[in-house]
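Next up, start-v2.cif (mmCIF, C-alpha atoms and all ligand atoms):
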data_input
loop_
_atom_site.label_atom_id
_atom_site.label_comp_id
_atom_site.auth_asym_id
_atom_site.auth_seq_id
_atom_site.Cartn_x
_atom_site.Cartn_y
_atom_site.Cartn_z
CA MET Q 1 -16.70 -28.33 30.94
CA ASN Q 2 -13.20 -28.74 29.60
CA THR Q 3 -11.29 -25.49 30.01
CA ASP Q 4 -7.80 -26.55 28.90
CA ARG Q 5 -6.26 -23.94 26.68
CA ILE Q 6 -6.19 -24.63 22.95
CA PRO Q 7 -3.43 -22.48 21.47
CA LEU Q 8 -3.61 -21.19 17.89
CA LEU Q 9 -0.47 -23.21 17.26
CA ASP Q 10 1.20 -25.72 19.62
CA LEU Q 11 4.87 -26.03 18.74
CA SER Q 12 5.68 -27.84 22.00
CA ALA Q 13 3.51 -30.77 20.94
CA GLN Q 14 5.51 -31.06 17.73
CA TYR Q 15 8.84 -30.71 19.55
CA GLU Q 16 8.03 -33.59 21.89
CA THR Q 17 7.60 -35.97 18.96
CA ILE Q 18 11.05 -35.24 17.46
CA SER Q 19 13.17 -33.86 20.30
CA ASP Q 20 15.74 -36.70 20.30
CA GLU Q 21 16.46 -36.26 16.62
CA LEU Q 22 16.68 -32.49 16.96
CA HIS Q 23 19.14 -32.71 19.84
CA ALA Q 24 21.34 -35.14 17.91
CA ALA Q 25 21.36 -32.83 14.88
CA VAL Q 26 22.22 -29.76 16.96
CA ASP Q 27 24.97 -31.67 18.83
CA LYS Q 28 26.59 -32.62 15.59
CA VAL Q 29 26.78 -28.99 14.47
CA LEU Q 30 28.23 -28.00 17.85
CA GLN Q 31 30.85 -30.70 17.50
CA ASN Q 32 31.81 -29.56 13.98
CA GLN Q 33 31.77 -25.83 14.83
CA GLN Q 34 30.94 -24.97 11.21
CA PHE Q 35 28.29 -22.42 12.05
CA ILE Q 36 28.45 -20.45 8.81
CA MET Q 37 27.65 -22.18 5.50
CA GLY Q 38 28.38 -25.61 6.93
CA GLU Q 39 27.58 -28.86 5.16
CA PRO Q 40 23.95 -29.05 6.42
CA VAL Q 41 23.19 -25.81 4.55
CA ARG Q 42 24.13 -27.34 1.20
CA GLN Q 43 22.36 -30.58 2.10
CA LEU Q 44 19.17 -28.74 3.03
CA GLU Q 45 19.30 -26.65 -0.15
CA ASN Q 46 19.53 -29.85 -2.18
CA GLU Q 47 16.78 -31.62 -0.28
CA LEU Q 48 14.41 -28.66 -0.55
CA ARG Q 49 15.20 -28.16 -4.23
CA THR Q 50 14.18 -31.78 -4.80
CA TYR Q 51 11.15 -31.63 -2.52
CA ILE Q 52 9.78 -28.45 -4.10
CA GLY Q 53 10.75 -29.50 -7.62
CA ALA Q 54 12.75 -26.35 -8.33
CA ARG Q 55 15.91 -26.01 -10.46
CA HIS Q 56 17.95 -24.14 -7.85
CA ALA Q 57 17.66 -23.37 -4.14
CA VAL Q 58 19.54 -20.73 -2.16
CA GLY Q 59 19.30 -20.60 1.62
CA CYS Q 60 19.14 -17.22 3.32
CA ALA Q 61 18.46 -15.66 6.71
CA SER Q 62 14.67 -15.22 6.52
CA GLY Q 63 11.64 -15.15 4.26
CA SER Q 64 11.86 -11.38 4.22
CA ASP Q 65 15.45 -11.62 2.96
CA ALA Q 66 14.40 -14.18 0.33
CA LEU Q 67 12.04 -11.52 -1.07
CA LEU Q 68 14.74 -8.87 -0.83
CA LEU Q 69 17.34 -11.07 -2.56
CA ALA Q 70 14.88 -11.96 -5.34
CA LEU Q 71 14.23 -8.27 -6.04
CA MET Q 72 17.96 -7.42 -5.82
CA SER Q 73 18.84 -10.29 -8.18
CA ALA Q 74 16.27 -8.98 -10.67
CA GLU Q 75 17.85 -5.53 -10.27
CA ILE Q 76 14.53 -4.04 -9.29
CA GLY Q 77 15.11 -0.75 -7.50
CA ARG Q 78 14.45 2.94 -7.30
CA GLY Q 79 11.30 4.06 -9.08
CA ASP Q 80 10.34 0.60 -10.32
CA LEU Q 81 6.80 -0.68 -9.80
CA VAL Q 82 5.93 -4.12 -8.45
CA ILE Q 83 2.33 -5.35 -8.55
CA THR Q 84 1.38 -7.20 -5.37
CA SER Q 85 -1.35 -8.08 -2.90
CA PRO Q 86 -2.43 -5.75 -0.09
CA PHE Q 87 -3.63 -8.71 1.97
CA THR Q 88 -0.45 -10.35 3.21
CA PHE Q 89 2.21 -10.14 5.89
CA PHE Q 90 4.03 -6.81 5.80
CA ALA Q 91 7.32 -8.30 4.53
CA THR Q 92 5.91 -8.76 1.02
CA ALA Q 93 5.60 -5.03 0.44
CA GLY Q 94 8.36 -4.17 2.91
CA ALA Q 95 10.91 -5.85 0.65
CA ILE Q 96 9.63 -3.91 -2.39
CA ALA Q 97 9.95 -0.62 -0.50
CA ARG Q 98 13.39 -1.57 0.92
CA VAL Q 99 14.90 -1.75 -2.58
CA GLY Q 100 13.39 1.66 -3.40
CA ALA Q 101 10.59 0.30 -5.59
CA ILE Q 102 6.87 1.11 -5.28
CA PRO Q 103 4.30 -1.51 -4.35
CA VAL Q 104 1.23 -1.34 -6.58
CA PHE Q 105 -1.56 -2.86 -4.52
CA VAL Q 106 -4.36 -4.34 -6.57
CA ASP Q 107 -7.25 -6.10 -4.93
CA ILE Q 108 -7.72 -9.74 -3.97
CA ASP Q 109 -10.19 -12.50 -4.75
CA PRO Q 110 -13.04 -12.68 -2.20
CA LEU Q 111 -12.92 -16.49 -1.99
CA ASP Q 112 -9.24 -17.35 -1.56
CA TYR Q 113 -7.85 -13.91 -0.61
CA ASN Q 114 -5.09 -14.22 -3.22
CA LEU Q 115 -4.23 -11.61 -5.86
CA ASP Q 116 -7.18 -11.08 -8.25
CA VAL Q 117 -5.86 -11.83 -11.72
CA ASN Q 118 -8.42 -9.56 -13.41
CA GLN Q 119 -7.19 -6.63 -11.35
CA VAL Q 120 -3.59 -7.31 -12.38
CA GLU Q 121 -4.60 -7.53 -16.03
CA ASP Q 122 -6.67 -4.34 -15.84
CA PHE Q 123 -3.75 -2.50 -14.31
CA LEU Q 124 -1.32 -3.69 -16.98
CA LYS Q 125 -3.80 -2.71 -19.71
CA GLY Q 126 -4.15 0.77 -18.20
CA ARG Q 127 -7.85 0.41 -17.47
CA HIS Q 128 -7.69 -0.03 -13.70
CA PRO Q 129 -8.83 2.81 -11.41
CA LEU Q 130 -5.20 3.02 -10.21
CA SER Q 131 -3.85 3.33 -13.75
CA ALA Q 132 -4.39 7.10 -13.84
CA ARG Q 133 -2.32 7.52 -10.69
CA PHE Q 134 0.58 5.58 -12.16
CA SER Q 135 0.27 6.85 -15.74
CA GLY Q 136 3.66 7.84 -17.07
CA GLN Q 137 5.27 5.18 -14.87
CA MET Q 138 3.89 2.13 -16.66
CA LYS Q 139 7.23 1.47 -18.33
CA ASN Q 140 8.67 1.05 -14.83
CA VAL Q 141 6.48 -1.95 -14.00
CA ARG Q 142 9.02 -4.72 -13.47
CA ALA Q 143 7.39 -7.59 -11.62
CA ILE Q 144 4.26 -9.30 -10.37
CA LEU Q 145 4.63 -10.57 -6.81
CA PRO Q 146 1.71 -12.88 -5.88
CA VAL Q 147 1.42 -14.32 -2.39
CA HIS Q 148 0.21 -17.89 -1.83
CA LEU Q 149 -1.80 -16.97 1.24
CA TYR Q 150 -2.73 -19.32 4.09
CA GLY Q 151 -1.27 -22.34 2.26
CA GLN Q 152 -3.03 -22.08 -1.09
CA CYS Q 153 -1.57 -21.02 -4.43
CA ALA Q 154 -2.68 -17.93 -6.30
CA ASP Q 155 -4.08 -18.47 -9.81
CA MET Q 156 -0.67 -18.98 -11.42
CA ASP Q 157 -1.49 -19.81 -15.07
CA PRO Q 158 -2.95 -16.41 -15.94
CA LEU Q 159 -0.37 -14.63 -13.77
CA ARG Q 160 2.44 -16.40 -15.60
CA ASP Q 161 0.85 -15.51 -18.94
CA LEU Q 162 0.61 -11.86 -17.95
CA ALA Q 163 4.21 -11.81 -16.72
CA ARG Q 164 5.37 -13.25 -20.05
CA ARG Q 165 3.21 -10.99 -22.16
CA TYR Q 166 4.41 -7.85 -20.37
CA ASN Q 167 7.99 -9.08 -19.92
CA LEU Q 168 7.84 -8.93 -16.13
CA TYR Q 169 9.50 -10.95 -13.43
CA LEU Q 170 7.21 -13.29 -11.57
CA ILE Q 171 8.27 -13.56 -7.91
CA GLU Q 172 6.23 -15.85 -5.66
CA ASP Q 173 5.87 -15.19 -1.96
CA ALA Q 174 5.51 -18.82 -0.90
CA ALA Q 175 6.33 -18.16 2.77
CA GLN Q 176 3.04 -19.75 3.90
CA SER Q 177 2.79 -22.42 1.24
CA ILE Q 178 5.65 -24.89 1.21
CA GLY Q 179 4.27 -28.07 -0.36
CA SER Q 180 1.09 -26.57 -1.76
CA TYR Q 181 0.14 -27.45 -5.34
CA TYR Q 182 -1.51 -25.73 -8.28
CA LYS Q 183 -2.25 -27.98 -11.26
CA LYS Q 184 0.22 -30.64 -10.04
CA GLN Q 185 3.02 -28.09 -9.68
CA GLN Q 186 4.41 -26.83 -6.38
CA ALA Q 187 4.43 -23.29 -5.05
CA GLY Q 188 7.77 -21.64 -5.76
CA THR Q 189 8.32 -23.18 -9.21
CA PHE Q 190 6.14 -20.96 -11.41
CA GLY Q 191 8.13 -17.76 -11.51
CA GLU Q 192 11.79 -16.75 -11.71
CA PHE Q 193 11.89 -16.80 -7.90
CA GLY Q 194 10.02 -18.51 -5.06
CA CYS Q 195 10.49 -17.08 -1.57
CA PHE Q 196 10.14 -19.34 1.46
CA SER Q 197 10.22 -18.62 5.18
CA PHE Q 198 11.12 -20.98 8.00
CA PHE Q 199 9.93 -18.64 10.74
CA PRO Q 200 9.10 -20.95 13.68
CA SER Q 201 5.32 -20.80 13.14
CA LYS Q 202 5.47 -21.65 9.44
CA ASN Q 203 4.61 -25.21 8.36
CA LEU Q 204 8.33 -25.97 8.17
CA GLY Q 205 9.69 -23.92 11.05
CA ALA Q 206 13.25 -23.38 12.28
CA ALA Q 207 14.35 -22.58 15.83
CA GLY Q 208 14.64 -18.93 14.88
CA ASP Q 209 14.80 -17.10 11.56
CA ALA Q 210 15.64 -18.79 8.28
CA GLY Q 211 14.56 -18.64 4.64
CA LEU Q 212 15.16 -19.92 1.14
CA LEU Q 213 14.86 -18.83 -2.47
CA THR Q 214 14.01 -21.17 -5.28
CA VAL Q 215 15.32 -19.92 -8.61
CA ASN Q 216 14.53 -21.09 -12.10
CA ASP Q 217 17.46 -19.64 -14.02
CA GLY Q 218 21.06 -20.70 -13.32
CA LYS Q 219 22.55 -17.22 -13.71
CA LEU Q 220 19.97 -15.66 -11.40
CA ALA Q 221 20.57 -18.41 -8.84
CA GLU Q 222 24.28 -17.69 -8.93
CA LYS Q 223 23.58 -14.01 -8.47
CA ALA Q 224 21.21 -14.55 -5.52
CA SER Q 225 23.72 -16.92 -3.97
CA THR Q 226 26.48 -14.30 -4.28
CA LEU Q 227 24.31 -11.42 -3.07
CA ARG Q 228 23.55 -13.22 0.19
CA LEU Q 229 27.33 -13.30 0.87
CA HIS Q 230 27.85 -9.52 0.50
CA GLY Q 231 28.06 -9.93 -3.27
CA ALA Q 232 31.58 -11.33 -2.97
CA LYS Q 233 32.90 -13.64 -5.68
CA PRO Q 234 35.48 -14.88 -4.99
CA LYS Q 235 35.65 -13.94 -1.34
CA TYR Q 236 36.80 -10.32 -0.83
CA TYR Q 237 36.19 -9.42 -4.51
CA HIS Q 238 32.98 -7.47 -5.08
CA HIS Q 239 31.29 -6.74 -8.39
CA MET Q 240 28.02 -6.16 -6.57
CA VAL Q 241 26.95 -4.80 -3.19
CA GLY Q 242 25.10 -7.58 -1.45
CA VAL Q 243 23.91 -8.27 2.07
CA ASN Q 244 24.76 -10.63 4.92
CA SER Q 245 21.94 -13.11 4.70
CA ARG Q 246 23.02 -16.67 5.28
CA LEU Q 247 20.99 -19.60 6.51
CA ASP Q 248 22.64 -20.68 9.79
CA THR Q 249 24.10 -24.17 9.85
CA LEU Q 250 22.25 -24.84 13.11
CA GLN Q 251 18.94 -23.89 11.53
CA ALA Q 252 19.71 -26.00 8.47
CA ALA Q 253 20.41 -29.04 10.67
CA ILE Q 254 17.12 -28.55 12.50
CA LEU Q 255 15.17 -28.01 9.29
CA ARG Q 256 16.64 -31.19 7.76
CA VAL Q 257 15.16 -33.19 10.64
CA LYS Q 258 11.77 -31.52 10.27
CA LEU Q 259 11.65 -31.76 6.47
CA LYS Q 260 11.35 -35.56 6.77
CA TYR Q 261 8.01 -35.05 8.52
CA LEU Q 262 6.66 -32.21 6.41
CA GLU Q 263 4.55 -34.35 4.06
CA HIS Q 264 3.01 -36.14 6.99
CA TRP Q 265 2.30 -32.84 8.74
CA SER Q 266 0.75 -31.30 5.61
CA GLN Q 267 -1.46 -34.35 5.21
CA SER Q 268 -2.44 -34.13 8.83
CA ARG Q 269 -3.27 -30.42 8.55
CA ARG Q 270 -5.53 -31.25 5.60
CA GLU Q 271 -7.27 -33.92 7.67
CA LYS Q 272 -7.88 -31.43 10.48
CA ALA Q 273 -9.26 -28.96 7.93
CA MET Q 274 -11.62 -31.63 6.55
CA ARG Q 275 -12.75 -32.45 10.06
CA TYR Q 276 -13.52 -28.78 10.78
CA ARG Q 277 -15.51 -28.73 7.56
CA GLU Q 278 -17.56 -31.75 8.63
CA LEU Q 279 -18.18 -30.40 12.11
CA PHE Q 280 -19.24 -26.96 10.89
CA GLU Q 281 -21.45 -28.50 8.22
CA GLU Q 282 -23.08 -30.79 10.79
CA ALA Q 283 -23.85 -27.65 12.81
CA ASP Q 284 -25.55 -26.27 9.70
CA CYS Q 285 -23.94 -22.84 9.81
CA THR Q 286 -21.84 -22.71 6.67
CA ILE Q 287 -22.24 -20.77 3.46
CA ASP Q 288 -22.52 -22.92 0.39
CA THR Q 289 -19.85 -22.18 -2.19
CA ALA Q 290 -19.91 -25.59 -3.85
CA SER Q 291 -21.90 -24.07 -6.69
CA GLY Q 292 -18.87 -21.93 -7.48
CA ARG Q 293 -17.97 -18.33 -8.26
CA LYS Q 294 -20.69 -17.87 -10.86
CA GLN Q 295 -23.38 -18.46 -8.26
CA LEU Q 296 -22.11 -15.76 -5.93
CA PRO Q 297 -24.27 -12.69 -5.36
CA PRO Q 298 -23.03 -9.69 -7.40
CA ASP Q 299 -21.81 -7.77 -4.36
CA ALA Q 300 -19.72 -10.78 -3.38
CA HIS Q 301 -17.71 -10.10 -6.52
CA ASP Q 302 -17.47 -6.42 -5.66
CA THR Q 303 -16.18 -6.68 -2.11
CA GLY Q 304 -16.78 -10.20 -0.88
CA ALA Q 305 -19.12 -8.71 1.70
CA GLY Q 306 -22.29 -10.15 0.22
CA LEU Q 307 -20.97 -13.61 0.98
CA VAL Q 308 -21.45 -13.25 4.71
CA GLU Q 309 -23.63 -10.19 5.11
CA ARG Q 310 -26.54 -11.68 3.21
CA GLN Q 311 -26.40 -14.74 5.42
CA PRO Q 312 -26.04 -13.50 8.99
CA GLY Q 313 -25.26 -16.27 11.44
CA ARG Q 314 -23.42 -18.26 8.81
CA ILE Q 315 -19.71 -18.56 8.20
CA LEU Q 316 -17.67 -18.96 5.06
CA LEU Q 317 -15.21 -21.85 5.33
CA PRO Q 318 -11.91 -21.83 3.41
CA VAL Q 319 -12.58 -22.40 -0.29
CA GLU Q 320 -10.17 -24.70 -2.13
CA THR Q 321 -10.00 -22.66 -5.31
CA THR Q 322 -7.06 -24.71 -6.62
CA GLY Q 323 -8.98 -27.96 -6.21
CA ASP Q 324 -8.21 -31.05 -4.17
CA PRO Q 325 -5.16 -33.33 -4.60
CA ALA Q 326 -7.10 -35.60 -6.98
CA SER Q 327 -7.47 -32.66 -9.35
CA GLY Q 328 -3.85 -31.49 -8.97
CA GLY Q 329 -4.28 -28.79 -6.34
CA ARG Q 330 -3.40 -28.84 -2.66
CA HIS Q 331 -4.15 -26.35 0.08
CA ILE Q 332 -1.76 -27.15 2.94
CA TYR Q 333 -3.66 -25.11 5.55
CA HIS Q 334 -0.93 -23.00 7.03
CA GLN Q 335 -4.02 -21.27 8.40
CA PHE Q 336 -7.65 -22.33 8.60
CA VAL Q 337 -9.46 -19.04 8.03
CA ILE Q 338 -13.20 -18.58 8.41
CA ARG Q 339 -15.19 -15.50 7.50
CA SER Q 340 -18.14 -14.01 9.34
CA ASP Q 341 -19.80 -10.65 9.85
CA ARG Q 342 -19.58 -11.44 13.60
CA ARG Q 343 -15.86 -11.98 13.56
CA ASP Q 344 -15.04 -9.87 16.61
CA ARG Q 345 -17.69 -11.53 18.76
CA ILE Q 346 -16.50 -14.97 17.73
CA GLN Q 347 -12.92 -14.05 18.58
CA GLU Q 348 -13.98 -12.70 21.96
CA ALA Q 349 -15.89 -15.90 22.79
CA LEU Q 350 -12.95 -18.06 21.73
CA GLY Q 351 -10.67 -16.00 23.94
CA LYS Q 352 -12.97 -16.46 26.93
CA ALA Q 353 -13.02 -20.22 26.29
CA GLY Q 354 -9.20 -20.30 26.28
CA ILE Q 355 -9.00 -20.91 22.54
CA GLY Q 356 -6.43 -19.08 20.43
CA SER Q 357 -7.38 -17.31 17.21
CA ALA Q 358 -5.88 -14.51 15.15
CA VAL Q 359 -6.68 -11.97 12.49
CA TYR Q 360 -4.38 -12.22 9.47
CA TYR Q 361 -4.32 -9.33 8.73
CA PRO Q 362 -6.16 -6.53 10.57
CA VAL Q 363 -4.76 -3.69 8.43
CA PRO Q 364 -4.31 -4.32 4.71
CA LEU Q 365 -1.05 -2.95 3.37
CA HIS Q 366 -2.59 -0.24 1.18
CA GLU Q 367 -3.91 1.28 4.45
CA GLN Q 368 -0.61 1.16 6.37
CA ALA Q 369 0.71 4.49 7.61
CA CYS Q 370 4.16 3.91 6.09
CA PHE Q 371 2.56 3.83 2.62
CA ASN Q 372 0.43 6.97 3.12
CA HIS Q 373 2.72 8.90 0.77
CA LEU Q 374 1.70 6.56 -2.05
CA GLY Q 375 -1.81 7.99 -1.89
CA TYR Q 376 -3.88 4.84 -1.52
CA THR Q 377 -7.26 5.02 0.18
CA ARG Q 378 -9.15 2.08 1.65
CA HIS Q 379 -11.48 2.22 -1.37
CA ASP Q 380 -8.64 1.20 -3.67
CA CYS Q 381 -8.86 -2.40 -2.42
CA PRO Q 382 -12.35 -2.87 -0.96
CA VAL Q 383 -12.18 -6.69 -1.00
CA ALA Q 384 -9.03 -6.66 1.11
CA HIS Q 385 -10.56 -4.05 3.40
CA ARG Q 386 -13.66 -6.19 4.01
CA ALA Q 387 -11.59 -9.34 4.47
CA SER Q 388 -9.54 -7.62 7.16
CA ARG Q 389 -12.78 -7.00 9.10
CA GLN Q 390 -14.35 -10.44 8.65
CA THR Q 391 -11.68 -13.15 8.60
CA LEU Q 392 -10.41 -15.18 11.54
CA ALA Q 393 -7.80 -17.94 11.77
CA LEU Q 394 -8.68 -20.91 14.00
CA PRO Q 395 -6.22 -23.33 15.64
CA ILE Q 396 -4.79 -25.83 13.17
CA TYR Q 397 -1.77 -28.08 13.58
CA PRO Q 398 -1.09 -31.81 13.19
CA GLU Q 399 -1.38 -32.54 16.90
CA LEU Q 400 -4.81 -30.90 17.31
CA THR Q 401 -7.21 -33.50 18.72
CA GLU Q 402 -10.75 -34.39 17.74
CA GLN Q 403 -12.06 -33.11 21.10
CA GLN Q 404 -10.21 -29.84 20.71
CA GLN Q 405 -11.69 -29.31 17.26
CA GLN Q 406 -15.16 -30.06 18.60
CA ARG Q 407 -14.68 -27.42 21.31
CA VAL Q 408 -13.56 -24.82 18.79
CA VAL Q 409 -16.57 -25.53 16.60
CA ASP Q 410 -19.00 -25.54 19.54
CA THR Q 411 -17.69 -22.17 20.70
CA VAL Q 412 -17.99 -20.60 17.23
CA THR Q 413 -21.45 -22.02 16.53
CA GLY Q 414 -22.61 -20.97 20.02
CA ILE Q 415 -22.04 -17.35 19.01
CA LEU Q 416 -23.67 -17.83 15.63
CA ARG Q 417 -26.80 -19.32 17.22
CA GLY Q 418 -26.98 -17.09 20.28
CA GLU Q 419 -27.13 -13.79 18.46
CA THR Q 420 -29.11 -12.66 15.49
CA ALA Q 421 -28.22 -9.08 14.69
CA GLY Q 422 -24.90 -8.72 12.93
CA THR Q 423 -23.85 -5.15 12.41
CA GLU Q 424 -20.16 -5.26 13.10
CA SER Q 425 -18.50 -4.72 9.78
CA PRO Q 426 -18.23 -1.10 8.73
C1 LIG N 501 6.27 -15.09 7.22
C2 LIG N 501 6.06 -14.36 5.95
C3 LIG N 501 7.09 -13.60 5.34
C4 LIG N 501 8.39 -13.27 6.01
O1 LIG N 501 9.11 -14.33 6.47
P1 LIG N 501 10.18 -14.12 7.65
O2 LIG N 501 10.92 -15.41 7.62
O3 LIG N 501 9.42 -13.92 8.91
O4 LIG N 501 11.02 -12.97 7.31
C5 LIG N 501 6.85 -13.04 4.11
N1 LIG N 501 5.67 -13.18 3.51
C6 LIG N 501 4.65 -13.87 4.06
C7 LIG N 501 3.37 -13.99 3.30
C8 LIG N 501 4.81 -14.47 5.30
O5 LIG N 501 3.80 -15.13 5.84
#
What is this file in structure tokens?
Amino acid sequence: MNTDRIPLLDLSAQYETISDELHAAVDKVLQNQQFIMGEPVRQLENELRTYIGARHAVGCASGSDALLLALMSAEIGRGDLVITSPFTFFATAGAIARVGAIPVFVDIDPLDYNLDVNQVEDFLKGRHPLSARFSGQMKNVRAILPVHLYGQCADMDPLRDLARRYNLYLIEDAAQSIGSYYKKQQAGTFGEFGCFSFFPSKNLGAAGDAGLLTVNDGKLAEKASTLRLHGAKPKYYHHMVGVNSRLDTLQAAILRVKLKYLEHWSQSRREKAMRYRELFEEADCTIDTASGRKQLPPDAHDTGAGLVERQPGRILLPVETTGDPASGGRHIYHQFVIRSDRRDRIQEALGKAGIGSAVYYPVPLHEQACFNHLGYTRHDCPVAHRASRQTLALPIYPELTEQQQQRVVDTVTGILRGETAGTESP
């Protein structure tokens, strides 16, 4: 039996394919000694603006700072409310709290784990269970902050309509979704701001921290660009208090090399995802969602639980709710996330077989201790709660081999076949 380790993500494999180019790019920066706001920063901003199809692009120090700068540019602060997803990396809500605003967590869709548009609408109309708790503060709602989770866009048309109708900012957390499409349009171009992260494990990863904001409006772009330089304009003259959040020249030079390969990598990730799909389907252990949302059992709509709990021994594969590229959508598989009521046992078996996997995310944000004072209970977002108990990310990266994928699938299906009682999820 092959026992080589299969990591969740293998960045060394990627590095080997482009190391010469990376070294040349880094050398050039070292020779120029322009470490702060050097030429590669402007070049990268331009290239990414073009790639994403945005009007403006502003580099910054991280994805978290991109979120922070978007909120600061929109002058969202103390006492304001921002509607967002509880099922995301902490930074999404962390940025909201950092500016003194309050994250309003409404629940997610059980198929794609993105913000549930109906929940957002209900909240804005004052008929959501949370509405009573925030009554009297509804005039302070300032923004909707959807996350394009795992590489797939949230349902942006209705979210954009709601933002317009209620005069709210629309800020996209696109940290996991560079190059993903919704109706032929790329993540980061729907709202006033798109926030991108180049954390090393993201699809376009730097050699450290880096981030970028896409901005639709020229004045807001100017403001974000000034705020990242302490709010100085011109230098040493401050009309605003900003932060120090620049994209390092070294990181920009590295990202420019990698950007040339991003399309190829995204394509390759999609191919790996399709291959997983074929292998799992051959093993006859998947839950059929081809018939669509309307065919789901009623409790699947309530919490998503019915999807897997009614079919023990079967797994839910990622659902491409935005459609395939032929229909204008594109999931770029930052993560390949399966769902099962035997999640923990599957993860344990993968671990024993030397295969990496991860839970994104084990504690939804409405249940985080730092937000206790906001009074949420786990019952406020039951879909997110269930997802946190049942989802698991499997290895996916362009260099993953056919044999490695087969081993991952064999290990997962071994658990599904070997055991019958599934009573894990609370
Ligand atoms: C990675 C990530 C961030 C934060 O990006 P950093 O560059 O690590 O600060 C924000 N939101 C989501 C959804 C992310 O995945």
Query raised in the report: What's the 9 Å shell around Ile396 of chain Q, counting all atoms listed in the file, without same-chain residues fewer than 6 positions away, as number ranges by chain?
Result: Q: 8-10, 269, 272-273, 333-336, 405
Sort by chain and increasing residue number a table of all residues of chain Q within 7 Å of ligand LIG 501 (chain N), each with its closest pair of atoms and their distance in Å to one decimal, counting all atoms listed in the file, and write it as a Markdown table.
| residue | atom | partner | partner_atom | distance |
| --- | --- | --- | --- | --- |
| Q:Ser62 | CA | N:LIG501 | O2 | 3.9 |
| Q:Gly63 | CA | N:LIG501 | O2 | 3.4 |
| Q:Ser64 | CA | N:LIG501 | O4 | 3.6 |
| Q:Asp65 | CA | N:LIG501 | O4 | 6.4 |
| Q:Thr88 | CA | N:LIG501 | C7 | 5.3 |
| Q:Phe89 | CA | N:LIG501 | C7 | 4.8 |
| Q:Phe90 | CA | N:LIG501 | N1 | 7.0 |
| Q:Ala91 | CA | N:LIG501 | C5 | 4.8 |
| Q:Thr92 | CA | N:LIG501 | N1 | 5.1 |
| Q:Val147 | CA | N:LIG501 | C7 | 6.0 |
| Q:Leu149 | CA | N:LIG501 | C7 | 6.3 |
| Q:Asp173 | CA | N:LIG501 | N1 | 5.8 |
| Q:Ala174 | CA | N:LIG501 | C7 | 6.7 |
| Q:Ala175 | CA | N:LIG501 | C8 | 4.7 |
| Q:Gln176 | CA | N:LIG501 | O5 | 5.1 |
| Q:Ser197 | CA | N:LIG501 | O2 | 4.1 |
| Q:Phe198 | CA | N:LIG501 | O2 | 5.6 |
| Q:Phe199 | CA | N:LIG501 | O2 | 4.6 |
| Q:Lys202 | CA | N:LIG501 | C1 | 7.0 |
| Q:Asp209 | CA | N:LIG501 | O2 | 5.8 |
| Q:Ala210 | CA | N:LIG501 | O2 | 5.8 |
| Q:Gly211 | CA | N:LIG501 | O2 | 5.7 |
Query raised in the report: From the list Q:Thr413, Q:Met156, Q:Gly94, Q:Ala369, which residue is nearest Lys184 of chain Q when using all atoms listed in the file?
Result: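 For Lys184 of chain Q, the nearest of the candidates is Q:Met156.
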Query raised in the report: Which residue, Q:Ala187, Q:Ala358, Q:Val257, Q:Ala349, has the smallest gap to Glu47 of chain Q when you use all atoms listed in the file?
Result: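 Distance minimum relative to Glu47 of chain Q lands on Q:Val257.
Going from atom CA of Arg98 of chain Q to atom CA of Glu222 of chain Q covers 21.8 Å.
The coordinates place atom CA of Val337 of chain Q at 15.1 Å from atom CA of Cys285 of chain Q.
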Start from the incomplete input, build N, CA and C atoms for segment 12-20 of chain Q, and deliver everything as a PDB file, keeping the file's coordinate frame.
ATOM      1  N   SER Q  12       5.122 -26.910  21.009  1.00  0.00           N
ATOM      2  CA  SER Q  12       5.680 -27.840  22.000  1.00  0.00           C
ATOM      3  C   SER Q  12       5.250 -29.273  21.696  1.00  0.00           C
ATOM      4  N   ALA Q  13       4.013 -29.431  21.263  1.00  0.00           N
ATOM      5  CA  ALA Q  13       3.510 -30.770  20.940  1.00  0.00           C
ATOM      6  C   ALA Q  13       4.341 -31.386  19.820  1.00  0.00           C
ATOM      7  N   GLN Q  14       4.690 -30.558  18.831  1.00  0.00           N
ATOM      8  CA  GLN Q  14       5.510 -31.060  17.730  1.00  0.00           C
ATOM      9  C   GLN Q  14       6.920 -31.403  18.224  1.00  0.00           C
ATOM     10  N   TYR Q  15       7.470 -30.511  19.046  1.00  0.00           N
ATOM     11  CA  TYR Q  15       8.840 -30.710  19.550  1.00  0.00           C
ATOM     12  C   TYR Q  15       8.960 -32.034  20.296  1.00  0.00           C
ATOM     13  N   GLU Q  16       7.952 -32.348  21.102  1.00  0.00           N
ATOM     14  CA  GLU Q  16       8.030 -33.590  21.890  1.00  0.00           C
ATOM     15  C   GLU Q  16       8.158 -34.821  21.007  1.00  0.00           C
ATOM     16  N   THR Q  17       7.559 -34.773  19.821  1.00  0.00           N
ATOM     17  CA  THR Q  17       7.600 -35.970  18.960  1.00  0.00           C
ATOM     18  C   THR Q  17       8.961 -36.164  18.294  1.00  0.00           C
ATOM     19  N   ILE Q  18       9.789 -35.112  18.206  1.00  0.00           N
ATOM     20  CA  ILE Q  18      11.050 -35.240  17.460  1.00  0.00           C
ATOM     21  C   ILE Q  18      12.251 -34.714  18.237  1.00  0.00           C
ATOM     22  N   SER Q  19      12.108 -34.545  19.548  1.00  0.00           N
ATOM     23  CA  SER Q  19      13.170 -33.860  20.300  1.00  0.00           C
ATOM     24  C   SER Q  19      14.504 -34.617  20.266  1.00  0.00           C
ATOM     25  N   ASP Q  20      14.479 -35.942  20.324  1.00  0.00           N
ATOM     26  CA  ASP Q  20      15.740 -36.700  20.300  1.00  0.00           C
ATOM     27  C   ASP Q  20      16.518 -36.431  19.012  1.00  0.00           C
TER      28      ASP Q  20
END
